[in-house]
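Source file: entry39.pdb. Holds: PDB, C-alpha atoms and all ligand atoms.
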```pdb
ATOM      1  CA  MET A 247      55.453   1.575 -23.201
ATOM      2  CA  THR A 248      57.289   0.404 -26.298
ATOM      3  CA  GLU A 249      55.177   0.100 -29.453
ATOM      4  CA  ARG A 250      54.394  -3.419 -30.601
ATOM      5  CA  GLY A 251      56.059  -2.874 -34.013
ATOM      6  CA  ASP A 252      59.268  -1.985 -32.225
ATOM      7  CA  VAL A 253      59.088  -5.176 -30.175
ATOM      8  CA  GLU A 254      58.920  -7.232 -33.368
ATOM      9  CA  MET A 255      61.778  -5.319 -34.961
ATOM     10  CA  GLU A 256      64.097  -5.365 -31.962
ATOM     11  CA  ARG A 257      63.424  -9.014 -31.315
ATOM     12  CA  GLN A 258      65.029 -10.034 -34.601
ATOM     13  CA  GLY A 259      68.426  -8.928 -33.376
ATOM     14  CA  ALA A 260      67.788  -9.902 -29.803
ATOM     15  CA  GLU A 261      68.789 -13.477 -29.288
ATOM     16  CA  ASP A 262      71.824 -13.488 -27.097
ATOM     17  CA  CYS A 263      72.290 -11.774 -23.821
ATOM     18  CA  VAL A 264      70.464 -11.390 -20.501
ATOM     19  CA  GLY A 265      69.295 -14.822 -19.322
ATOM     20  CA  ALA A 266      66.355 -15.320 -16.993
ATOM     21  CA  SER A 267      67.773 -16.780 -13.817
ATOM     22  CA  TYR A 268      68.102 -13.545 -11.862
ATOM     23  CA  HIS A 269      66.402 -13.032  -8.529
ATOM     24  CA  ALA A 270      66.466  -9.450  -7.312
ATOM     25  CA  SER A 271      66.745  -8.861  -3.611
ATOM     26  CA  VAL A 272      63.141  -7.637  -3.748
ATOM     27  CA  SER A 273      62.282 -11.233  -4.581
ATOM     28  CA  SER A 274      64.484 -13.215  -2.202
ATOM     29  CA  PRO A 275      62.647 -15.830  -0.124
ATOM     30  CA  SER A 276      63.276 -13.897   3.071
ATOM     31  CA  SER A 277      61.831 -10.706   1.517
ATOM     32  CA  ASN A 278      58.811 -12.654   0.301
ATOM     33  CA  GLU A 279      57.938 -13.442   3.875
ATOM     34  CA  THR A 280      57.958  -9.820   5.005
ATOM     35  CA  LEU A 281      56.877  -7.700   1.997
ATOM     36  CA  ARG A 282      53.246  -7.291   1.007
ATOM     37  CA  TYR A 283      54.268  -7.546  -2.649
ATOM     38  CA  PHE A 284      57.253  -9.253  -4.203
ATOM     39  CA  ILE A 285      58.852  -9.832  -7.595
ATOM     40  CA  GLU A 286      59.278 -13.015  -9.597
ATOM     41  CA  PRO A 287      60.546 -13.674 -13.129
ATOM     42  CA  MET A 288      57.567 -13.809 -15.541
ATOM     43  CA  GLN A 289      56.705 -17.345 -16.659
ATOM     44  CA  VAL A 290      54.563 -18.448 -19.576
ATOM     45  CA  ARG A 291      51.889 -19.622 -17.122
ATOM     46  CA  HIS A 292      51.576 -16.018 -15.843
ATOM     47  CA  ILE A 293      50.627 -14.583 -19.251
ATOM     48  CA  PRO A 294      46.807 -14.762 -18.815
ATOM     49  CA  ALA A 295      47.081 -12.519 -15.740
ATOM     50  CA  VAL A 296      49.576 -10.214 -17.464
ATOM     51  CA  SER A 297      47.265  -9.889 -20.476
ATOM     52  CA  ALA A 298      44.272  -9.150 -18.239
ATOM     53  CA  ILE A 299      46.154  -6.308 -16.515
ATOM     54  CA  GLU A 300      47.475  -5.093 -19.858
ATOM     55  CA  ARG A 301      43.969  -4.849 -21.351
ATOM     56  CA  GLU A 302      42.934  -2.614 -18.447
ATOM     57  CA  SER A 303      46.091  -0.496 -18.646
ATOM     58  CA  PHE A 304      46.779   0.326 -22.290
ATOM     59  CA  PRO A 305      44.594   1.335 -25.235
ATOM     60  CA  SER A 306      46.238  -1.312 -27.411
ATOM     61  CA  ALA A 307      47.768  -4.435 -25.954
ATOM     62  CA  TRP A 308      50.557  -6.728 -27.084
ATOM     63  CA  PRO A 309      49.217 -10.157 -28.079
ATOM     64  CA  SER A 310      49.990 -12.870 -25.527
ATOM     65  CA  SER A 311      52.219 -14.528 -28.156
ATOM     66  CA  ALA A 312      54.536 -11.500 -27.910
ATOM     67  CA  TYR A 313      55.042 -12.148 -24.188
ATOM     68  CA  ARG A 314      55.607 -15.833 -24.825
ATOM     69  CA  ARG A 315      58.349 -15.037 -27.349
ATOM     70  CA  GLU A 316      59.915 -12.413 -25.143
ATOM     71  CA  ILE A 317      60.171 -14.880 -22.258
ATOM     72  CA  GLN A 318      61.199 -17.946 -24.211
ATOM     73  CA  ARG A 319      63.320 -16.640 -27.070
ATOM     74  CA  ASN A 320      64.643 -13.146 -26.418
ATOM     75  CA  ARG A 321      67.723 -13.515 -24.285
ATOM     76  CA  MET A 322      68.099  -9.743 -24.039
ATOM     77  CA  ALA A 323      64.713  -9.540 -22.355
ATOM     78  CA  TYR A 324      63.992  -9.528 -18.640
ATOM     79  CA  TYR A 325      60.312  -9.744 -17.666
ATOM     80  CA  ILE A 326      58.914  -9.854 -14.154
ATOM     81  CA  VAL A 327      55.613 -10.003 -12.312
ATOM     82  CA  ALA A 328      54.675  -8.473  -8.970
ATOM     83  CA  LYS A 329      52.724 -10.805  -6.729
ATOM     84  CA  ARG A 330      50.621 -10.197  -3.660
ATOM     85  CA  SER A 331      52.011 -12.074  -0.682
ATOM     86  CA  SER A 332      49.730 -13.873   1.736
ATOM     87  CA  ALA A 333      50.134 -10.891   4.073
ATOM     88  CA  ALA A 334      48.507  -8.486   1.566
ATOM     89  CA  ARG A 335      44.759  -8.224   1.405
ATOM     90  CA  SER A 336      43.007  -9.148  -1.821
ATOM     91  CA  GLN A 337      41.210  -6.075  -3.147
ATOM     92  CA  GLY A 338      38.328  -7.681  -4.928
ATOM     93  CA  GLN A 339      39.620  -8.475  -8.404
ATOM     94  CA  ASP A 340      39.714 -12.229  -7.804
ATOM     95  CA  THR A 341      37.065 -13.097 -10.351
ATOM     96  CA  ARG A 342      39.078 -12.836 -13.551
ATOM     97  CA  PHE A 343      39.734 -16.533 -13.782
ATOM     98  CA  PRO A 344      36.629 -18.130 -12.287
ATOM     99  CA  ILE A 345      36.415 -21.860 -11.812
ATOM    100  CA  THR A 346      32.898 -22.615 -12.960
ATOM    101  CA  SER A 347      30.642 -25.223 -11.421
ATOM    102  CA  GLU A 348      30.848 -27.134 -14.736
ATOM    103  CA  GLN A 349      34.532 -27.601 -14.084
ATOM    104  CA  HIS A 350      33.917 -28.991 -10.641
ATOM    105  CA  GLU A 351      31.295 -31.429 -11.819
ATOM    106  CA  ASP A 352      33.114 -33.230 -14.607
ATOM    107  CA  GLY A 353      36.740 -32.739 -13.725
ATOM    108  CA  GLY A 354      37.118 -30.102 -16.431
ATOM    109  CA  LEU A 355      36.899 -32.159 -19.620
ATOM    110  CA  PHE A 356      33.390 -31.094 -20.633
ATOM    111  CA  TRP A 357      34.189 -27.474 -19.824
ATOM    112  CA  HIS A 358      37.428 -27.693 -21.757
ATOM    113  CA  LEU A 359      35.758 -29.030 -24.925
ATOM    114  CA  LYS A 360      32.927 -26.531 -24.670
ATOM    115  CA  SER A 361      35.274 -23.597 -24.317
ATOM    116  CA  LEU A 362      37.401 -24.816 -27.221
ATOM    117  CA  LEU A 363      34.284 -24.948 -29.415
ATOM    118  CA  ARG A 364      33.352 -21.421 -28.344
ATOM    119  CA  ASN A 365      36.942 -20.341 -28.958
ATOM    120  CA  ASP A 366      37.206 -19.100 -25.365
ATOM    121  CA  ALA A 367      40.434 -18.968 -23.442
ATOM    122  CA  ARG A 368      41.183 -22.383 -21.977
ATOM    123  CA  PRO A 369      39.793 -23.016 -18.517
ATOM    124  CA  PHE A 370      42.149 -22.961 -15.553
ATOM    125  CA  SER A 371      42.659 -25.410 -12.758
ATOM    126  CA  ARG A 372      41.972 -24.252  -9.230
ATOM    127  CA  GLU A 373      45.726 -24.241  -8.567
ATOM    128  CA  GLU A 374      46.461 -22.085 -11.635
ATOM    129  CA  VAL A 375      43.744 -19.618 -10.684
ATOM    130  CA  GLY A 376      45.193 -19.430  -7.183
ATOM    131  CA  GLU A 377      48.494 -18.215  -8.603
ATOM    132  CA  LEU A 378      47.087 -15.974 -11.369
ATOM    133  CA  GLU A 379      44.972 -14.089  -8.849
ATOM    134  CA  THR A 380      48.047 -13.085  -6.862
ATOM    135  CA  ILE A 381      49.606 -11.264  -9.853
ATOM    136  CA  VAL A 382      49.095  -7.518  -9.439
ATOM    137  CA  GLY A 383      51.544  -6.052 -11.955
ATOM    138  CA  TYR A 384      54.263  -6.752 -14.459
ATOM    139  CA  ALA A 385      57.162  -5.065 -16.235
ATOM    140  CA  GLY A 386      59.874  -5.794 -18.725
ATOM    141  CA  MET A 387      62.995  -4.465 -20.342
ATOM    142  CA  TRP A 388      65.713  -5.308 -22.816
ATOM    143  CA  VAL A 389      69.347  -4.859 -21.941
ATOM    144  CA  MET A 390      71.260  -4.099 -25.117
ATOM    145  CA  VAL A 391      74.980  -3.494 -24.899
ATOM    146  CA  ASP A 392      75.131  -0.851 -22.186
ATOM    147  CA  GLU A 393      71.547   0.371 -22.205
ATOM    148  CA  ALA A 394      68.509  -0.934 -20.333
ATOM    149  CA  HIS A 395      65.342  -0.181 -22.289
ATOM    150  CA  VAL A 396      62.139  -0.453 -20.252
ATOM    151  CA  THR A 397      59.516  -1.874 -22.632
ATOM    152  CA  THR A 398      56.464  -2.036 -20.401
ATOM    153  CA  ILE A 399      55.209  -1.613 -16.844
ATOM    154  CA  ALA A 400      51.661  -1.816 -15.524
ATOM    155  CA  VAL A 401      49.779  -2.404 -12.298
ATOM    156  CA  ASP A 402      46.287  -3.813 -11.829
ATOM    157  CA  PRO A 403      44.055  -0.695 -11.521
ATOM    158  CA  THR A 404      42.651  -1.848  -8.157
ATOM    159  CA  TYR A 405      46.156  -2.069  -6.696
ATOM    160  CA  ARG A 406      47.579   1.239  -7.949
ATOM    161  CA  GLY A 407      49.026   3.747  -5.512
ATOM    162  CA  GLU A 408      50.430   1.084  -3.187
ATOM    163  CA  GLY A 409      54.044   1.143  -4.367
ATOM    164  CA  ILE A 410      53.806  -1.793  -6.762
ATOM    165  CA  GLY A 411      54.757   0.184  -9.897
ATOM    166  CA  GLU A 412      57.735   1.536  -7.995
ATOM    167  CA  LEU A 413      58.682  -1.964  -6.807
ATOM    168  CA  LEU A 414      58.638  -3.184 -10.416
ATOM    169  CA  LEU A 415      60.800  -0.263 -11.566
ATOM    170  CA  VAL A 416      63.236  -0.817  -8.706
ATOM    171  CA  ALA A 417      63.564  -4.489  -9.688
ATOM    172  CA  LEU A 418      64.320  -3.495 -13.298
ATOM    173  CA  LEU A 419      66.881  -0.932 -12.147
ATOM    174  CA  ASP A 420      68.456  -3.450  -9.746
ATOM    175  CA  ARG A 421      68.865  -5.854 -12.628
ATOM    176  CA  SER A 422      70.157  -3.104 -14.977
ATOM    177  CA  GLN A 423      72.909  -2.298 -12.508
ATOM    178  CA  GLU A 424      73.767  -5.927 -12.021
ATOM    179  CA  LEU A 425      74.193  -6.227 -15.802
ATOM    180  CA  ARG A 426      76.369  -3.107 -15.818
ATOM    181  CA  ALA A 427      74.028  -1.081 -18.015
ATOM    182  CA  GLU A 428      75.187   2.520 -18.142
ATOM    183  CA  GLN A 429      71.705   4.014 -18.149
ATOM    184  CA  ALA A 430      68.045   3.125 -18.455
ATOM    185  CA  THR A 431      65.701   4.593 -21.023
ATOM    186  CA  LEU A 432      62.053   4.309 -22.095
ATOM    187  CA  GLU A 433      59.229   5.863 -24.078
ATOM    188  CA  VAL A 434      56.114   7.210 -22.372
ATOM    189  CA  ARG A 435      53.026   8.936 -23.741
ATOM    190  CA  VAL A 436      53.334  12.712 -23.405
ATOM    191  CA  SER A 437      49.921  12.674 -21.655
ATOM    192  CA  ASN A 438      50.923  10.007 -19.072
ATOM    193  CA  ALA A 439      51.721  12.277 -16.152
ATOM    194  CA  VAL A 440      51.440   9.520 -13.514
ATOM    195  CA  ALA A 441      54.065   7.299 -15.138
ATOM    196  CA  GLN A 442      56.319  10.317 -15.750
ATOM    197  CA  GLN A 443      56.165  11.173 -12.027
ATOM    198  CA  LEU A 444      57.321   7.670 -11.191
ATOM    199  CA  TYR A 445      60.202   7.906 -13.655
ATOM    200  CA  TRP A 446      61.273  11.383 -12.474
ATOM    201  CA  LYS A 447      61.467  10.007  -8.961
ATOM    202  CA  TYR A 448      64.226   7.663 -10.188
ATOM    203  CA  THR A 449      66.171  10.380 -12.112
ATOM    204  CA  PHE A 450      64.661   9.787 -15.551
ATOM    205  CA  GLN A 451      64.694  13.041 -17.485
ATOM    206  CA  ASN A 452      63.268  14.147 -20.812
ATOM    207  CA  ALA A 453      65.692  13.213 -23.578
ATOM    208  CA  GLY A 454      63.642  13.864 -26.708
ATOM    209  CA  LEU A 455      60.369  13.239 -28.475
ATOM    210  CA  ARG A 456      59.231  10.533 -30.895
ATOM    211  CA  ARG A 457      56.520  12.172 -32.945
ATOM    212  CA  ARG A 458      53.319  10.158 -33.535
ATOM    213  CA  TYR A 459      54.994   7.136 -31.942
ATOM    214  CA  TYR A 460      51.799   5.386 -30.786
ATOM    215  CA  SER A 461      50.026   3.867 -33.756
ATOM    216  CA  ASP A 462      46.566   3.657 -32.131
ATOM    217  CA  ASP A 463      46.058   7.416 -31.841
ATOM    218  CA  GLY A 464      49.250   9.014 -33.146
ATOM    219  CA  GLU A 465      50.260  10.408 -29.729
ATOM    220  CA  ASP A 466      53.871  11.515 -29.305
ATOM    221  CA  ALA A 467      56.221   9.625 -26.997
ATOM    222  CA  LEU A 468      58.552  11.316 -24.615
ATOM    223  CA  ILE A 469      61.941   9.626 -24.428
ATOM    224  CA  MET A 470      63.147   9.543 -20.833
ATOM    225  CA  THR A 471      66.598   8.493 -19.662
ATOM    226  CA  THR A 472      68.131   8.087 -16.211
ATOM    227  CA  LYS A 473      71.262   9.709 -14.938
ATOM    228  CA  PRO A 474      74.220   7.328 -15.453
ATOM    229  CA  LEU A 475      73.477   4.352 -13.207
ATOM    230  CA  ALA A 476      76.985   4.414 -11.742
ATOM    231  CA  SER A 477      76.845   8.135 -10.931
ATOM    232  CA  ALA A 478      76.773   9.294  -7.334
ATOM    233  CA  VAL A 479      73.529  11.164  -7.896
ATOM    234  CA  PHE A 480      71.702   8.104  -9.246
ATOM    235  CA  GLN A 481      73.124   5.831  -6.553
ATOM    236  CA  GLU A 482      72.041   8.205  -3.803
ATOM    237  CA  VAL A 483      68.528   8.771  -5.134
ATOM    238  CA  PHE A 484      68.049   5.081  -5.903
ATOM    239  CA  ALA A 485      69.255   3.859  -2.514
ATOM    240  CA  HIS A 486      67.092   6.415  -0.687
ATOM    241  CA  HIS A 487      63.835   5.667  -2.530
ATOM    242  CA  ARG A 488      64.470   1.928  -2.596
ATOM    243  CA  ARG A 489      64.935   1.827   1.164
ATOM    244  CA  LYS A 490      61.792   3.924   1.760
ATOM    245  CA  LEU A 491      59.799   1.699  -0.547
ATOM    246  CA  LEU A 492      60.860  -1.516   1.138
ATOM    247  CA  GLU A 493      60.008   0.003   4.527
ATOM    248  CA  ARG A 494      56.579   0.935   3.170
ATOM    249  CA  LEU A 495      55.936  -2.552   1.798
ATOM    250  CA  ARG A 496      56.999  -4.383   4.929
ATOM    251  CA  THR A 497      54.139  -6.121   6.651
ATOM    252  CA  ASP A 498      54.884  -5.861  10.367
TER     253      ASP A 498
HETATM  254  C1  LIG B 501      52.293   4.025 -13.936
HETATM  255  C2  LIG B 501      51.922   2.901 -12.985
HETATM  256  C3  LIG B 501      52.693   1.639 -13.358
HETATM  257  C4  LIG B 501      52.286   3.325 -11.538
HETATM  258  O1  LIG B 501      52.042   2.220 -10.688
HETATM  259  P1  LIG B 501      51.516   2.405  -9.176
HETATM  260  O2  LIG B 501      51.667   1.112  -8.495
HETATM  261  O3  LIG B 501      50.145   2.995  -9.174
HETATM  262  O4  LIG B 501      52.523   3.504  -8.616
HETATM  263  P2  LIG B 501      53.161   3.556  -7.154
HETATM  264  O5  LIG B 501      52.099   3.410  -6.123
HETATM  265  O6  LIG B 501      54.292   2.599  -7.097
HETATM  266  O7  LIG B 501      53.707   5.055  -7.110
HETATM  267  C5  LIG B 501      55.062   5.326  -7.375
HETATM  268  C6  LIG B 501      55.216   6.761  -7.837
HETATM  269  O8  LIG B 501      54.462   6.969  -9.044
HETATM  270  C7  LIG B 501      53.916   8.290  -9.036
HETATM  271  N1  LIG B 501      52.461   8.199  -8.938
HETATM  272  C8  LIG B 501      51.725   7.103  -8.681
HETATM  273  N2  LIG B 501      50.404   7.410  -8.727
HETATM  274  C9  LIG B 501      50.337   8.731  -8.982
HETATM  275  C10 LIG B 501      49.255   9.644  -9.149
HETATM  276  N3  LIG B 501      47.979   9.246  -9.051
HETATM  277  N4  LIG B 501      49.535  10.916  -9.466
HETATM  278  C11 LIG B 501      50.809  11.346  -9.590
HETATM  279  N5  LIG B 501      51.890  10.529  -9.433
HETATM  280  C12 LIG B 501      51.648   9.236  -9.128
HETATM  281  C13 LIG B 501      54.476   8.966  -7.810
HETATM  282  O9  LIG B 501      55.716   9.519  -8.153
HETATM  283  C14 LIG B 501      54.679   7.779  -6.872
HETATM  284  O10 LIG B 501      55.623   8.042  -5.883
HETATM  285  P3  LIG B 501      55.135   8.626  -4.447
HETATM  286  O11 LIG B 501      54.378   7.499  -3.804
HETATM  287  O12 LIG B 501      56.401   8.965  -3.746
HETATM  288  O13 LIG B 501      54.275   9.809  -4.740
HETATM  289  C15 LIG B 501      50.375   2.640 -12.998
HETATM  290  O14 LIG B 501      49.706   3.863 -12.826
HETATM  291  C16 LIG B 501      49.875   1.990 -14.289
HETATM  292  O15 LIG B 501      49.852   0.772 -14.404
HETATM  293  N6  LIG B 501      49.423   2.823 -15.263
HETATM  294  C17 LIG B 501      48.904   2.295 -16.524
HETATM  295  C18 LIG B 501      49.982   1.722 -17.391
HETATM  296  C19 LIG B 501      51.041   2.762 -17.710
HETATM  297  O16 LIG B 501      50.731   3.917 -17.998
HETATM  298  N7  LIG B 501      52.303   2.332 -17.685
HETATM  299  C20 LIG B 501      53.432   3.163 -18.011
HETATM  300  C21 LIG B 501      53.759   2.995 -19.446
HETATM  301  S1  LIG B 501      55.160   3.984 -19.922
END
```

Let me see the structure of the file written as structure tokens.
Ligand SMILES: CC(C)(COP(=O)(O)OP(=O)(O)OC[C@H]1O[C@@H](n2cnc3c(N)ncnc32)[C@H](O)[C@@H]1OP(=O)(O)O)[C@@H](O)C(=O)NCCC(=O)NCCS
Amino acid sequence: MTERGDVEMERQGAEDCVGASYHASVSSPSSNETLRYFIEPMQVRHIPAVSAIERESFPSAWPSSAYRREIQRNRMAYYIVAKRSSAARSQGQDTRFPITSEQHEDGGLFWHLKSLLRNDARPFSREEVGELETIVGYAGMWVMVDEAHVTTIAVDPTYRGEGIGELLLVALLDRSQELRAEQATLEVRVSNAVAQQLYWKYTFQNAGLRRRYYSDDGEDALIMTTKPLASAVFQEVFAHHRRKLLERLRTD
């Protein structure tokens, strides 16, 4: 994951490039009907769910304002969420955004004022909660000139091991190729063996070390970079794993 300070710094020069209208084939309407999980562009309304997953995934989280700026202002940025389709079973985390009885009773106004006074997060409508509860992961990247830089990727702990992290990475790599990036790169904690396994699977290799990169505990970051995205070796590996993944996520 990219350090928050780097996000601030990069953002200043990051106003003019990617655009947010892309729909990867892993998110086409027909795929949505048959895959247990699917990808959508991240929207501001998704941020409470993203932040909840982030708090459970990283020792120090980006503030939600950082996501808002990334989505709304950084045209080099591409952020996505993974959602559970109606065919996938809920796995018991659907209590993060409860609709309290107070909300039901007074249409939400009393609850809203009370929570504002307590400085709580704002309450959610039943419809909003319905959508937030389907979000099981998220990821993002910047595409700068010819390089795709993965900034973050995380999956709800109760949904890990089901191919969702891989689906998110595949969607980022799909988009990187569509934008003609030459390679993809990222930083990962040297201790994060699980994430490194995922990246190795898609040809990322060690490309250097950033010493004491993570400000919370001073851990080093490994820099990992893919094989050139246009190379035969990347194309072969990518197509193979992508196909296997989509087979695995199909619901039939
Ligand atoms: C890293 C992370 C996103 C993986 O998501 P996930 O949905 O659990 O992973 P998937 O089920 O898609 O697995 C894809 C690949 O990741 C690797 N992987 C996943 N879980 C693993 C585990 N427990 N041990 C070793 N490798 C593992 C494997 O290579 C796996 O491929 P395989 O199924 O062919 O073995 C998830 O563990 C996470 O959110 N971690 C916390 C946040 C984080 O560290 N993000 C990375 C920041 S750089």

- Message: For the PyMOL selection byres (((chain A and resi 406-421) around 7) and not hetatm), applied here, can you spell out every residue it catches as a PyMOL selection string?
- Response: chain A and resi 270+272+328+384-385+400-405+422-425+444+488+491

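Taking only C-alpha atoms, the non-local environment of Leu468 in chain A within 8 Å (same-chain residues fewer than 6 positions away omitted) comprises Glu433, Val434, Arg435, Val436, Asn452, Ala453, Gly454, Leu455 and Arg456 of chain A.
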
Edge lengths and centre in Å to one decimal, as lines of an AutoDock Vina configuration file, of the axis-aligned box that encloses all listed atoms of range 281-293 of chain A with 3 Å added on every side?
```
center_x = 55.6
center_y = -13.5
center_z = -8.8
size_x = 15.9
size_y = 18.3
size_z = 27.6
```

- Query: Any idea what the distance is between CA of Pro294 in chain A and CA of Ser310 in chain A?
  - Reply: 7.7 Å

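Closest approach to ligand LIG 501 (chain B) among A:Arg372, A:Lys447, A:His292, A:Lys329: A:Lys447, based on all atoms listed in the file.
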
- Query: Which residues, written as a list in words, have at least one atom at most 6 Å from Met288 in chain A, with only C-alpha atoms counted and residues fewer than 6 positions away on the same chain left out?
  - Reply: Tyr325, Ile326 and Val327 of chain A

- Message: With distances taken over only C-alpha atoms and all ligand atoms, which residue among A:Glu249, A:Glu373, A:Glu428, A:Asp462 lies nearest ligand LIG 501 (chain B)?
- Response: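 Among the listed residues, the smallest separation from ligand LIG 501 (chain B) belongs to A:Glu249.
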
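If you measure from each of A:Val296, A:Leu432, A:Leu492, A:Val391 to ligand LIG 501 (chain B) using all atoms listed in the file, the closest one turns out to be A:Leu432.
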
- CA of Asp392 in chain A to CA of Thr471 in chain A, distance in Å rounded to a single decimal: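 Interatomic distance here is 12.9 Å.
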
Applying 6 Å and all atoms listed in the file, which residues near His395 in chain A remain after dropping the ones on its own chain fewer than 4 positions away? List them as an mmCIF file with C-alpha atoms, in the coordinates of the input.
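Okay, this is what ended up in part23.cif:
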```cif
data_model
loop_
_atom_site.group_PDB
_atom_site.id
_atom_site.type_symbol
_atom_site.label_atom_id
_atom_site.label_comp_id
_atom_site.auth_asym_id
_atom_site.auth_seq_id
_atom_site.Cartn_x
_atom_site.Cartn_y
_atom_site.Cartn_z
ATOM 1 C CA MET A 387 62.995 -4.465 -20.342
ATOM 2 C CA TRP A 388 65.713 -5.308 -22.816
ATOM 3 C CA ALA A 430 68.045 3.125 -18.455
ATOM 4 C CA THR A 431 65.701 4.593 -21.023
ATOM 5 C CA LEU A 432 62.053 4.309 -22.095
#
```

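Here the question is which of A:Thr449, A:Thr380, A:Ser336, A:Ser311 gets nearest to ligand LIG 501 (chain B) using only C-alpha atoms and all ligand atoms, and that residue is A:Thr449.
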
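The smallest atom-to-atom distance between ligand LIG 501 (chain B) and any of A:Ala307, A:Ala323, A:Val375, A:Ala312, using all atoms listed in the file, is found for A:Ala307.
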
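Taking all atoms listed in the file into account, Lys473 in chain A lies nearest to A:Tyr448 out of the set A:Tyr448, A:Phe304, A:Phe370, A:Phe343.
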
- Message: For the provided coordinates, the residues matched by the PyMOL selection byres (((chain A and resi 332-335) around 8) and not hetatm) should be stated as an NGL selection string.
- Response: :A and (280-283 or 330-331 or 336-337 or 497)
